[in-house]
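Source file query-v4.cif; content: mmCIF, C-alpha atoms and all ligand atoms.
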data_coords
loop_
_atom_site.label_atom_id
_atom_site.label_comp_id
_atom_site.auth_asym_id
_atom_site.auth_seq_id
_atom_site.Cartn_x
_atom_site.Cartn_y
_atom_site.Cartn_z
CA MET K 1 110.83 139.08 101.16
CA GLU K 2 108.34 139.70 103.97
CA ARG K 3 107.28 136.59 105.83
CA ASN K 4 103.82 136.19 107.25
CA ASN K 5 103.66 136.99 110.92
CA ILE K 6 102.87 133.59 112.37
CA ASP K 7 103.91 131.69 115.49
CA TRP K 8 105.71 129.11 113.31
CA SER K 9 106.89 126.87 116.15
CA ASN K 10 103.35 126.35 117.36
CA LEU K 11 101.81 125.44 114.03
CA GLY K 12 100.31 121.96 113.84
CA PHE K 13 99.81 119.70 110.83
CA GLY K 14 96.62 121.04 109.32
CA TYR K 15 95.46 122.71 106.14
CA ILE K 16 95.99 126.44 106.07
CA GLN K 17 94.91 127.98 102.79
CA THR K 18 97.66 129.90 101.00
CA GLU K 19 97.28 132.37 98.12
CA LEU K 20 98.22 130.53 94.97
CA ARG K 21 98.20 126.95 93.74
CA TYR K 22 99.19 125.34 90.44
CA VAL K 23 96.64 123.69 88.13
CA SER K 24 96.97 121.89 84.82
CA ASN K 25 94.21 120.03 82.96
CA TYR K 26 94.50 117.02 80.69
CA LYS K 27 92.08 116.74 77.79
CA ASP K 28 92.13 115.28 74.26
CA GLY K 29 95.32 113.42 75.03
CA GLN K 30 97.42 116.28 76.32
CA TRP K 31 98.23 118.50 79.29
CA ASP K 32 97.43 122.18 78.88
CA GLN K 33 99.99 124.86 79.65
CA GLY K 34 98.99 125.07 83.33
CA GLY K 35 99.57 127.93 85.74
CA LEU K 36 98.85 129.48 89.10
CA THR K 37 95.35 130.29 90.33
CA LYS K 38 93.81 131.90 93.38
CA ASP K 39 90.87 129.51 93.25
CA ALA K 40 91.19 126.90 96.00
CA THR K 41 87.96 125.18 94.96
CA VAL K 42 87.66 122.30 92.52
CA THR K 43 84.44 122.10 90.53
CA MET K 44 83.68 118.94 88.61
CA ASN K 45 80.86 116.76 87.38
CA GLU K 46 79.00 114.62 89.94
CA CYS K 47 80.08 111.50 88.03
CA ALA K 48 83.82 112.35 87.89
CA GLY K 49 86.08 109.29 87.83
CA VAL K 50 87.74 110.22 91.11
CA LEU K 51 84.39 110.48 92.89
CA GLN K 52 83.11 107.14 91.63
CA TYR K 53 86.16 104.89 91.44
CA ALA K 54 88.89 106.71 93.38
CA GLN K 55 91.17 107.29 90.42
CA THR K 56 93.64 109.55 92.22
CA CYS K 57 97.21 109.62 93.47
CA PHE K 58 99.32 112.15 95.35
CA GLU K 59 102.76 113.12 96.59
CA GLY K 60 104.11 114.91 99.64
CA LEU K 61 107.29 116.93 100.04
CA LYS K 62 108.52 120.06 101.81
CA ALA K 63 110.12 123.41 101.16
CA TYR K 64 112.06 125.02 103.98
CA THR K 65 114.67 127.65 104.75
CA THR K 66 118.27 126.54 105.04
CA ALA K 67 120.82 127.78 107.59
CA ASP K 68 122.12 130.31 105.03
CA GLY K 69 118.65 131.60 104.17
CA ARG K 70 117.86 129.84 100.89
CA ILE K 71 114.46 128.30 100.19
CA VAL K 72 114.94 124.73 98.97
CA CYS K 73 113.25 121.36 98.42
CA PHE K 74 114.67 117.94 99.17
CA ARG K 75 114.93 115.51 96.19
CA PRO K 76 111.72 116.63 94.42
CA ASP K 77 112.81 114.71 91.30
CA LEU K 78 112.13 111.49 93.20
CA ASN K 79 108.60 112.66 94.04
CA ALA K 80 108.06 113.45 90.35
CA ALA K 81 109.31 110.01 89.33
CA ARG K 82 107.24 108.23 91.97
CA MET K 83 104.12 110.10 90.90
CA ILE K 84 104.72 108.93 87.33
CA ASP K 85 104.87 105.33 88.62
CA SER K 86 101.62 105.86 90.54
CA CYS K 87 99.94 107.33 87.44
CA LEU K 88 100.99 104.49 85.17
CA GLN K 89 99.62 101.91 87.61
CA LEU K 90 96.29 103.76 87.86
CA LYS K 91 96.04 104.32 84.07
CA MET K 92 96.42 108.09 84.52
CA PRO K 93 98.51 110.28 82.20
CA PRO K 94 101.89 110.93 83.86
CA PHE K 95 102.72 114.56 84.55
CA PRO K 96 106.23 115.06 83.11
CA GLU K 97 109.06 115.37 85.64
CA GLU K 98 110.24 118.76 84.36
CA ARG K 99 106.69 120.14 84.59
CA PHE K 100 106.28 118.71 88.09
CA LEU K 101 109.48 120.47 89.21
CA ASP K 102 108.34 123.68 87.53
CA ALA K 103 104.99 123.50 89.36
CA VAL K 104 106.85 123.06 92.66
CA ARG K 105 109.10 126.05 91.92
CA GLN K 106 106.28 128.32 90.76
CA THR K 107 103.97 127.53 93.67
CA VAL K 108 106.62 127.80 96.38
CA LYS K 109 107.92 131.07 94.91
CA ALA K 110 104.42 132.51 94.72
CA ASN K 111 103.84 131.63 98.39
CA ALA K 112 107.37 132.35 99.60
CA HIS K 113 106.09 134.46 102.50
CA TRP K 114 104.59 131.21 103.87
CA VAL K 115 107.94 129.41 104.06
CA PRO K 116 108.88 129.25 107.76
CA PRO K 117 112.23 130.70 108.83
CA TYR K 118 115.28 128.56 109.56
CA GLY K 119 115.35 127.27 113.11
CA SER K 120 111.58 127.30 113.63
CA GLY K 121 111.32 123.58 112.88
CA ALA K 122 108.32 124.38 110.69
CA SER K 123 108.21 123.93 106.92
CA LEU K 124 106.01 124.45 103.89
CA TYR K 125 104.31 121.18 103.01
CA ILE K 126 103.79 120.65 99.28
CA ARG K 127 100.93 118.47 98.07
CA PRO K 128 100.87 117.53 94.38
CA TYR K 129 97.98 115.31 93.28
CA MET K 130 96.01 114.17 90.27
CA PHE K 131 92.52 112.88 89.70
CA GLY K 132 90.15 111.74 86.95
CA SER K 133 87.75 114.61 86.40
CA ASN K 134 85.30 113.69 83.61
CA PRO K 135 82.15 111.56 84.05
CA VAL K 136 82.80 107.81 84.27
CA ILE K 137 80.04 105.36 85.12
CA GLY K 138 81.23 102.14 83.48
CA VAL K 139 84.45 101.07 85.18
CA LYS K 140 87.22 102.48 83.02
CA PRO K 141 89.92 105.15 83.21
CA ALA K 142 88.79 108.77 82.89
CA THR K 143 89.81 110.65 79.75
CA GLU K 144 90.22 114.03 81.47
CA TYR K 145 92.42 114.73 84.49
CA GLN K 146 93.51 117.55 86.71
CA PHE K 147 96.99 117.91 88.23
CA ARG K 148 97.04 120.29 91.19
CA LEU K 149 99.70 121.36 93.63
CA PHE K 150 99.10 123.42 96.74
CA VAL K 151 101.27 124.37 99.70
CA THR K 152 100.39 124.72 103.38
CA PRO K 153 102.67 125.62 106.29
CA VAL K 154 103.14 122.90 108.91
CA GLY K 155 104.68 123.07 112.36
CA PRO K 156 107.62 121.14 113.79
CA TYR K 157 106.88 117.43 114.06
CA PHE K 158 108.45 116.99 117.47
CA LYS K 159 106.75 119.85 119.24
CA GLY K 160 107.57 119.71 122.93
CA GLY K 161 110.32 117.16 122.34
CA VAL K 162 110.69 113.68 120.90
CA LYS K 163 108.25 111.11 122.20
CA PRO K 164 108.84 107.51 121.09
CA LEU K 165 105.76 105.85 119.65
CA THR K 166 103.85 102.79 120.77
CA VAL K 167 102.71 100.80 117.75
CA ARG K 168 100.83 97.57 117.29
CA ILE K 169 101.12 94.74 114.80
CA SER K 170 97.96 95.08 112.78
CA ASP K 171 95.41 92.30 112.27
CA LEU K 172 94.25 93.94 109.06
CA ASP K 173 96.29 94.04 105.86
CA ARG K 174 97.40 97.07 103.90
CA ALA K 175 98.64 95.73 100.57
CA ALA K 176 98.10 92.55 98.59
CA PRO K 177 100.94 90.81 96.77
CA ARG K 178 100.99 92.23 93.23
CA GLY K 179 98.54 94.91 94.38
CA THR K 180 98.93 98.68 94.86
CA GLY K 181 101.02 98.92 98.05
CA HIS K 182 104.02 100.34 96.17
CA ILE K 183 102.21 103.39 94.74
CA LYS K 184 100.97 106.54 96.47
CA ALA K 185 97.29 106.07 95.68
CA GLY K 186 94.47 107.64 97.68
CA LEU K 187 92.80 104.24 97.85
CA ASN K 188 95.62 102.91 100.08
CA TYR K 189 94.74 105.59 102.60
CA ALA K 190 90.97 105.24 102.42
CA MET K 191 91.27 101.59 103.38
CA SER K 192 93.63 102.40 106.28
CA LEU K 193 91.27 104.82 108.05
CA TYR K 194 89.20 102.22 109.88
CA ASN K 195 92.35 100.64 111.25
CA ILE K 196 94.14 103.81 112.32
CA VAL K 197 91.07 105.11 114.16
CA ASP K 198 90.80 101.73 115.89
CA ALA K 199 94.52 101.80 116.77
CA HIS K 200 94.14 105.24 118.36
CA GLU K 201 91.07 104.10 120.29
CA GLN K 202 93.11 101.18 121.64
CA GLY K 203 95.95 103.48 122.71
CA TYR K 204 98.41 102.91 119.86
CA ASP K 205 100.03 105.58 117.72
CA GLU K 206 100.30 103.50 114.55
CA ASN K 207 99.68 100.15 112.90
CA ILE K 208 102.58 98.10 111.61
CA TYR K 209 101.45 95.99 108.67
CA VAL K 210 102.94 92.59 107.94
CA ASP K 211 103.08 90.91 104.54
CA SER K 212 99.57 89.78 103.77
CA ALA K 213 100.59 86.55 101.99
CA THR K 214 102.32 84.88 104.94
CA ARG K 215 101.87 87.37 107.81
CA THR K 216 105.42 86.67 108.94
CA TYR K 217 107.39 89.67 107.63
CA ILE K 218 107.31 93.31 108.67
CA GLU K 219 106.28 95.78 105.96
CA GLU K 220 105.53 99.37 107.02
CA THR K 221 102.93 101.53 108.77
CA GLY K 222 100.04 103.25 106.99
CA GLY K 223 102.22 106.19 106.00
CA ALA K 224 105.86 105.53 106.87
CA ASN K 225 108.61 102.97 106.18
CA ILE K 226 110.46 101.27 109.03
CA ILE K 227 114.12 101.08 109.98
CA PHE K 228 115.75 98.97 112.68
CA ILE K 229 119.20 99.24 114.25
CA THR K 230 120.89 96.04 115.40
CA LYS K 231 122.75 95.78 118.69
CA ASP K 232 126.02 96.02 116.77
CA GLY K 233 124.97 99.18 114.95
CA LYS K 234 123.77 97.89 111.56
CA LEU K 235 120.82 99.45 109.77
CA VAL K 236 118.18 96.91 108.75
CA THR K 237 115.15 97.87 106.67
CA PRO K 238 112.43 95.64 105.21
CA LYS K 239 112.57 94.89 101.49
CA SER K 240 109.29 94.01 99.81
CA ASP K 241 107.45 94.74 96.58
CA THR K 242 104.37 95.88 98.49
CA ILE K 243 106.06 98.69 100.46
CA LEU K 244 105.81 102.30 99.27
CA PRO K 245 109.37 103.35 98.32
CA SER K 246 109.91 106.15 100.83
CA ILE K 247 112.32 108.85 99.67
CA THR K 248 113.30 109.46 103.29
CA ARG K 249 114.13 105.78 103.82
CA ARG K 250 116.17 105.60 100.62
CA SER K 251 118.06 108.73 101.69
CA ILE K 252 118.68 107.36 105.19
CA VAL K 253 120.15 104.19 103.68
CA GLN K 254 122.59 106.26 101.64
CA VAL K 255 123.44 108.51 104.61
CA ALA K 256 124.09 105.44 106.77
CA LYS K 257 126.50 103.98 104.22
CA ASP K 258 128.24 107.07 102.85
CA TYR K 259 128.23 109.50 105.78
CA LEU K 260 128.27 107.23 108.81
CA GLY K 261 130.08 104.20 107.39
CA MET K 262 127.34 101.88 108.65
CA GLU K 263 126.52 98.46 107.30
CA VAL K 264 123.06 98.32 105.77
CA GLU K 265 120.83 95.31 105.16
CA GLU K 266 117.78 95.70 102.93
CA ARG K 267 116.03 92.37 103.29
CA PRO K 268 112.85 90.71 104.49
CA VAL K 269 112.55 91.28 108.25
CA ALA K 270 110.69 88.56 110.12
CA LEU K 271 108.18 89.47 112.80
CA SER K 272 109.87 86.86 114.99
CA GLU K 273 113.24 88.67 115.00
CA ILE K 274 112.20 92.20 115.95
CA ASP K 275 112.93 91.66 119.64
CA GLN K 276 116.60 91.31 118.64
CA PHE K 277 116.90 94.94 117.51
CA ALA K 278 118.22 97.82 119.61
CA GLU K 279 116.30 100.67 117.96
CA CYS K 280 113.39 101.22 115.65
CA GLY K 281 112.10 104.23 113.73
CA LEU K 282 109.42 105.23 111.24
CA CYS K 283 110.56 107.30 108.30
CA GLY K 284 108.76 109.69 106.01
CA THR K 285 108.74 113.30 104.90
CA ALA K 286 106.62 114.45 107.86
CA ALA K 287 109.03 113.59 110.69
CA VAL K 288 112.16 112.36 108.85
CA ILE K 289 112.42 109.68 111.58
CA SER K 290 110.05 109.12 114.51
CA PRO K 291 111.44 106.73 117.07
CA VAL K 292 109.41 103.67 118.06
CA GLY K 293 109.73 102.79 121.74
CA LYS K 294 107.39 99.83 121.90
CA ILE K 295 105.82 97.34 119.50
CA VAL K 296 102.88 95.28 120.75
CA ASP K 297 102.25 92.00 118.94
CA HIS K 298 99.14 90.52 120.51
CA GLY K 299 100.34 90.37 124.08
CA ARG K 300 104.01 90.10 123.15
CA GLU K 301 105.50 93.47 124.11
CA ILE K 302 108.80 94.53 122.62
CA ILE K 303 110.32 97.51 124.36
CA PHE K 304 113.47 98.61 122.57
CA PRO K 305 116.54 99.32 124.73
CA SER K 306 116.34 102.95 123.57
CA GLY K 307 113.21 103.21 125.74
CA MET K 308 110.19 105.49 125.84
CA ASN K 309 111.94 108.80 126.46
CA ASP K 310 114.44 109.31 123.68
CA MET K 311 115.42 108.56 120.16
CA GLY K 312 117.97 105.72 120.08
CA PRO K 313 121.56 106.97 119.71
CA VAL K 314 122.09 105.58 116.19
CA THR K 315 118.65 106.72 115.03
CA LYS K 316 119.52 110.15 116.37
CA LYS K 317 122.79 110.23 114.45
CA LEU K 318 120.96 109.31 111.23
CA TYR K 319 118.28 111.89 111.94
CA ASP K 320 120.77 114.67 112.72
CA THR K 321 122.91 113.90 109.66
CA LEU K 322 119.98 113.88 107.26
CA ARG K 323 118.58 117.07 108.81
CA ASP K 324 121.98 118.76 108.51
CA ILE K 325 122.13 117.77 104.84
CA GLN K 326 118.65 119.14 104.27
CA MET K 327 119.44 122.39 106.09
CA GLY K 328 122.64 122.90 104.11
CA LYS K 329 124.84 122.55 107.20
CA ILE K 330 126.83 119.73 105.64
CA THR K 331 127.50 118.98 101.97
CA SER K 332 124.74 117.01 100.35
CA PRO K 333 125.15 114.32 97.70
CA ASP K 334 124.81 115.73 94.18
CA GLY K 335 121.27 116.70 93.21
CA TRP K 336 119.62 116.25 96.61
CA ILE K 337 118.77 119.90 97.16
CA MET K 338 116.73 121.93 94.67
CA GLU K 339 117.12 125.64 95.25
CA ILE K 340 113.98 127.72 94.72
CA LEU K 341 114.88 131.15 96.09
C1 LIG S 1 104.38 108.70 101.57
C2 LIG S 1 104.56 107.37 102.23
C3 LIG S 1 105.75 107.02 102.91
C4 LIG S 1 106.88 108.00 103.11
O1 LIG S 1 107.51 108.37 101.94
P1 LIG S 1 108.47 109.64 101.89
O2 LIG S 1 108.81 109.75 100.45
O3 LIG S 1 109.65 109.33 102.72
O4 LIG S 1 107.69 110.79 102.42
C5 LIG S 1 105.85 105.75 103.43
N1 LIG S 1 104.83 104.86 103.34
C6 LIG S 1 103.68 105.17 102.72
C7 LIG S 1 102.60 104.15 102.66
C8 LIG S 1 103.51 106.42 102.14
O5 LIG S 1 102.36 106.71 101.53
#
Show how you would write the structure in this file as structure tokens.
Amino acid sequence: MERNNIDWSNLGFGYIQTELRYVSNYKDGQWDQGGLTKDATVTMNECAGVLQYAQTCFEGLKAYTTADGRIVCFRPDLNAARMIDSCLQLKMPPFPEERFLDAVRQTVKANAHWVPPYGSGASLYIRPYMFGSNPVIGVKPATEYQFRLFVTPVGPYFKGGVKPLTVRISDLDRAAPRGTGHIKAGLNYAMSLYNIVDAHEQGYDENIYVDSATRTYIEETGGANIIFITKDGKLVTPKSDTILPSITRRSIVQVAKDYLGMEVEERPVALSEIDQFAECGLCGTAAVISPVGKIVDHGREIIFPSGMNDMGPVTKKLYDTLRDIQMGKITSPDGWIMEIL
């Protein structure tokens, strides 16, 4: 296979159009056969459900080249399952898991020359999504939907080295109790835009949201779950019904227990206790783990002992172990790696 001639290590995180994407349409109560298309444009009625009432959800995962040259994906079955949960909550027809995996395989294979080589730090980002496509003016679910999946190459997350983040405790809320915080819906991102732009203007990298009912417990950022490391080396991660169940976080928990023999606590984490932790990180598909150096809570500044120059030592061990599993350098738990080519 010929790869595209690209400076992979200097790619950023932006949309680069690739040749083929997967499309399937839902009509009259069923999904059509689906397939690849060259057409990167979506044409739909001006009154489409997604345009009027934001009936849409998405997923995000990556394909990459392992140390021994295979092209693989990391736990795509969990993305398929999570998308089904998102669909059910938004009254959209779930796209079956087997078909989701087939769409991933077909699209990555068809764009294999866009998968960055091992060692570049870059990867092929995969974006599955679904939206209501027929006209809806009264508030109700659409009856026609489109499932699409495209891929776009993205550069290494830590270009020019790791730089711990400075994050603030947000005054605005992300998710209501019994709301939609636990699903990957576009609407959760639309409502976060005001706050993330404001955070950047104020010099912060991210917003940490607290539980909106009591504003006393840590939840997550706009697009990543949070892990903490205690001074005696335990992994602590917030547990809440309004957090999006990150596949990276769930994998880190298992790696901590089964590979590193760490104790793990999944429990509510109070805002008042975060100055007791030794390390903090944000986890998601994009970076695996980005270290947090400083949390600012309205004048109260918490600078973690790991500091503003490096990933904390335990965070680093978790990061390296999960990366090694992904890259096929150490044996992965059963079913974590889906081989594509
Ligand atoms: C996608 C997402 C994450 C990260 O999930 P991964 O499966 O690890 O990529 C975390 N929080 C929110 C709100 C998200 O949308």
- Task: Have a look at K:Thr180, K:Asp173, K:Lys27, K:Val108 and name the one nearest to Asp85 in chain K; count only C-alpha atoms.
- Result: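 Nearest to Asp85 in chain K: K:Thr180.
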- Kindly provide, as a PyMOL selection string, all nucleotide and amino acid residues lying within 8 Å of ligand LIG 1 (chain S), counting only C-alpha atoms and all ligand atoms. chain K and resi 59-61+79+181-185+188-189+220-225+243-250+283-286+288
Output file for the selection above: C-alpha atoms, as an mmCIF file, in the coordinates of the input:
data_model
loop_
_atom_site.group_PDB
_atom_site.id
_atom_site.type_symbol
_atom_site.label_atom_id
_atom_site.label_comp_id
_atom_site.auth_asym_id
_atom_site.auth_seq_id
_atom_site.Cartn_x
_atom_site.Cartn_y
_atom_site.Cartn_z
ATOM 1 C CA GLU K 59 102.760 113.120 96.590
ATOM 2 C CA GLY K 60 104.110 114.910 99.640
ATOM 3 C CA LEU K 61 107.290 116.930 100.040
ATOM 4 C CA ASN K 79 108.600 112.660 94.040
ATOM 5 C CA GLY K 181 101.020 98.920 98.050
ATOM 6 C CA HIS K 182 104.020 100.340 96.170
ATOM 7 C CA ILE K 183 102.210 103.390 94.740
ATOM 8 C CA LYS K 184 100.970 106.540 96.470
ATOM 9 C CA ALA K 185 97.290 106.070 95.680
ATOM 10 C CA ASN K 188 95.620 102.910 100.080
ATOM 11 C CA TYR K 189 94.740 105.590 102.600
ATOM 12 C CA GLU K 220 105.530 99.370 107.020
ATOM 13 C CA THR K 221 102.930 101.530 108.770
ATOM 14 C CA GLY K 222 100.040 103.250 106.990
ATOM 15 C CA GLY K 223 102.220 106.190 106.000
ATOM 16 C CA ALA K 224 105.860 105.530 106.870
ATOM 17 C CA ASN K 225 108.610 102.970 106.180
ATOM 18 C CA ILE K 243 106.060 98.690 100.460
ATOM 19 C CA LEU K 244 105.810 102.300 99.270
ATOM 20 C CA PRO K 245 109.370 103.350 98.320
ATOM 21 C CA SER K 246 109.910 106.150 100.830
ATOM 22 C CA ILE K 247 112.320 108.850 99.670
ATOM 23 C CA THR K 248 113.300 109.460 103.290
ATOM 24 C CA ARG K 249 114.130 105.780 103.820
ATOM 25 C CA ARG K 250 116.170 105.600 100.620
ATOM 26 C CA CYS K 283 110.560 107.300 108.300
ATOM 27 C CA GLY K 284 108.760 109.690 106.010
ATOM 28 C CA THR K 285 108.740 113.300 104.900
ATOM 29 C CA ALA K 286 106.620 114.450 107.860
ATOM 30 C CA VAL K 288 112.160 112.360 108.850
#
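Close contacts of Met262 in chain K, defined as residues with an atom at most 8 Å away when counting all atoms listed in the file, with chain neighbours fewer than 6 positions off set aside, comprise Gly233, Lys234, Leu235 and Ala256 of chain K.
Remark: for Ala80 in chain K, the closest of the candidate residues K:Tyr319, K:Phe304, K:Tyr64, K:Tyr129 is K:Tyr129 (distances computed over all atoms listed in the file).
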- Message: Need the shell around Ile295 in chain K: protein/DNA/RNA residues with any atom at most 7 Å away, counting all atoms listed in the file. Skip same-chain ones fewer than 5 positions apart. Format as a VMD selection string?
- Response: chain K and resid 166 to 168 301 to 303
- With all atoms listed in the file as the atoms that count, which of K:Leu187, K:Val255, K:Ala199, K:Leu172 lies nearest to Ser332 in chain K?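 Of all the options, K:Val255 lies closest to Ser332 in chain K.
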Keeping all heavy atoms (and nothing else), can you write range 19-28 of chain K of this structure as a CSV table (one decimal), in the first residue's frame?
chain,number,residue,atom,x,y,z
K,19,GLU,N,-10.9,10.5,0.4
K,19,GLU,CA,-11.6,10.1,-0.9
K,19,GLU,C,-13.0,9.5,-0.6
K,19,GLU,O,-14.0,9.9,-1.3
K,19,GLU,CB,-10.8,9.0,-1.6
K,19,GLU,CG,-9.8,9.6,-2.5
K,19,GLU,CD,-8.6,10.1,-1.7
K,19,GLU,OE1,-8.2,9.4,-0.7
K,19,GLU,OE2,-8.0,11.2,-2.1
K,20,LEU,N,-13.2,8.6,0.3
K,20,LEU,CA,-14.4,7.9,0.4
K,20,LEU,C,-15.0,7.9,1.8
K,20,LEU,O,-14.2,7.8,2.8
K,20,LEU,CB,-14.2,6.4,-0.1
K,20,LEU,CG,-14.0,6.2,-1.6
K,20,LEU,CD1,-13.2,5.0,-1.8
K,20,LEU,CD2,-15.3,6.2,-2.3
K,21,ARG,N,-16.3,8.0,1.9
K,21,ARG,CA,-17.0,7.9,3.2
K,21,ARG,C,-18.2,7.0,3.0
K,21,ARG,O,-18.6,6.7,1.9
K,21,ARG,CB,-17.5,9.3,3.7
K,21,ARG,CG,-18.6,9.9,2.9
K,21,ARG,CD,-18.2,10.7,1.7
K,21,ARG,NE,-17.2,11.7,1.9
K,21,ARG,CZ,-16.0,11.8,1.4
K,21,ARG,NH1,-15.6,11.0,0.4
K,21,ARG,NH2,-15.2,12.8,1.7
K,22,TYR,N,-18.7,6.5,4.2
K,22,TYR,CA,-19.8,5.5,4.2
K,22,TYR,C,-21.1,6.3,4.5
K,22,TYR,O,-21.1,7.2,5.3
K,22,TYR,CB,-19.5,4.5,5.3
K,22,TYR,CG,-20.5,3.4,5.4
K,22,TYR,CD1,-20.4,2.2,4.7
K,22,TYR,CD2,-21.7,3.6,6.1
K,22,TYR,CE1,-21.3,1.2,4.8
K,22,TYR,CE2,-22.7,2.6,6.2
K,22,TYR,CZ,-22.5,1.4,5.5
K,22,TYR,OH,-23.4,0.4,5.6
K,23,VAL,N,-22.1,5.9,3.7
K,23,VAL,CA,-23.5,6.5,4.0
K,23,VAL,C,-24.5,5.4,4.0
K,23,VAL,O,-24.5,4.5,3.1
K,23,VAL,CB,-23.8,7.5,2.8
K,23,VAL,CG1,-25.2,8.1,3.1
K,23,VAL,CG2,-22.8,8.6,2.7
K,24,SER,N,-25.4,5.5,4.9
K,24,SER,CA,-26.6,4.6,4.9
K,24,SER,C,-27.8,5.5,5.2
K,24,SER,O,-27.7,6.4,6.1
K,24,SER,CB,-26.5,3.5,5.8
K,24,SER,OG,-27.7,2.6,5.8
K,25,ASN,N,-29.0,5.3,4.6
K,25,ASN,CA,-30.2,6.1,4.8
K,25,ASN,C,-31.3,5.2,5.4
K,25,ASN,O,-31.4,4.0,5.1
K,25,ASN,CB,-30.7,6.7,3.5
K,25,ASN,CG,-29.8,7.8,3.0
K,25,ASN,OD1,-29.6,8.8,3.7
K,25,ASN,ND2,-29.1,7.6,1.9
K,26,TYR,N,-32.0,5.8,6.3
K,26,TYR,CA,-33.1,5.1,7.0
K,26,TYR,C,-34.4,5.7,6.5
K,26,TYR,O,-34.6,7.0,6.6
K,26,TYR,CB,-33.0,5.3,8.5
K,26,TYR,CG,-34.0,4.7,9.3
K,26,TYR,CD1,-33.9,3.4,9.8
K,26,TYR,CD2,-35.2,5.4,9.7
K,26,TYR,CE1,-34.8,2.8,10.6
K,26,TYR,CE2,-36.2,4.8,10.5
K,26,TYR,CZ,-36.0,3.5,10.9
K,26,TYR,OH,-36.9,2.9,11.7
K,27,LYS,N,-35.3,4.9,6.0
K,27,LYS,CA,-36.6,5.3,5.5
K,27,LYS,C,-37.6,4.2,5.6
K,27,LYS,O,-37.2,3.0,5.5
K,27,LYS,CB,-36.4,5.7,4.0
K,27,LYS,CG,-37.5,6.5,3.4
K,27,LYS,CD,-37.2,6.9,2.0
K,27,LYS,CE,-38.5,7.6,1.5
K,27,LYS,NZ,-38.4,8.2,0.2
K,28,ASP,N,-38.9,4.5,5.8
K,28,ASP,CA,-39.9,3.5,5.9
K,28,ASP,C,-39.5,2.4,6.9
K,28,ASP,O,-39.7,1.2,6.7
K,28,ASP,CB,-40.2,2.8,4.5
K,28,ASP,CG,-40.6,3.9,3.5
K,28,ASP,OD1,-41.3,4.8,3.9
K,28,ASP,OD2,-40.3,3.7,2.3
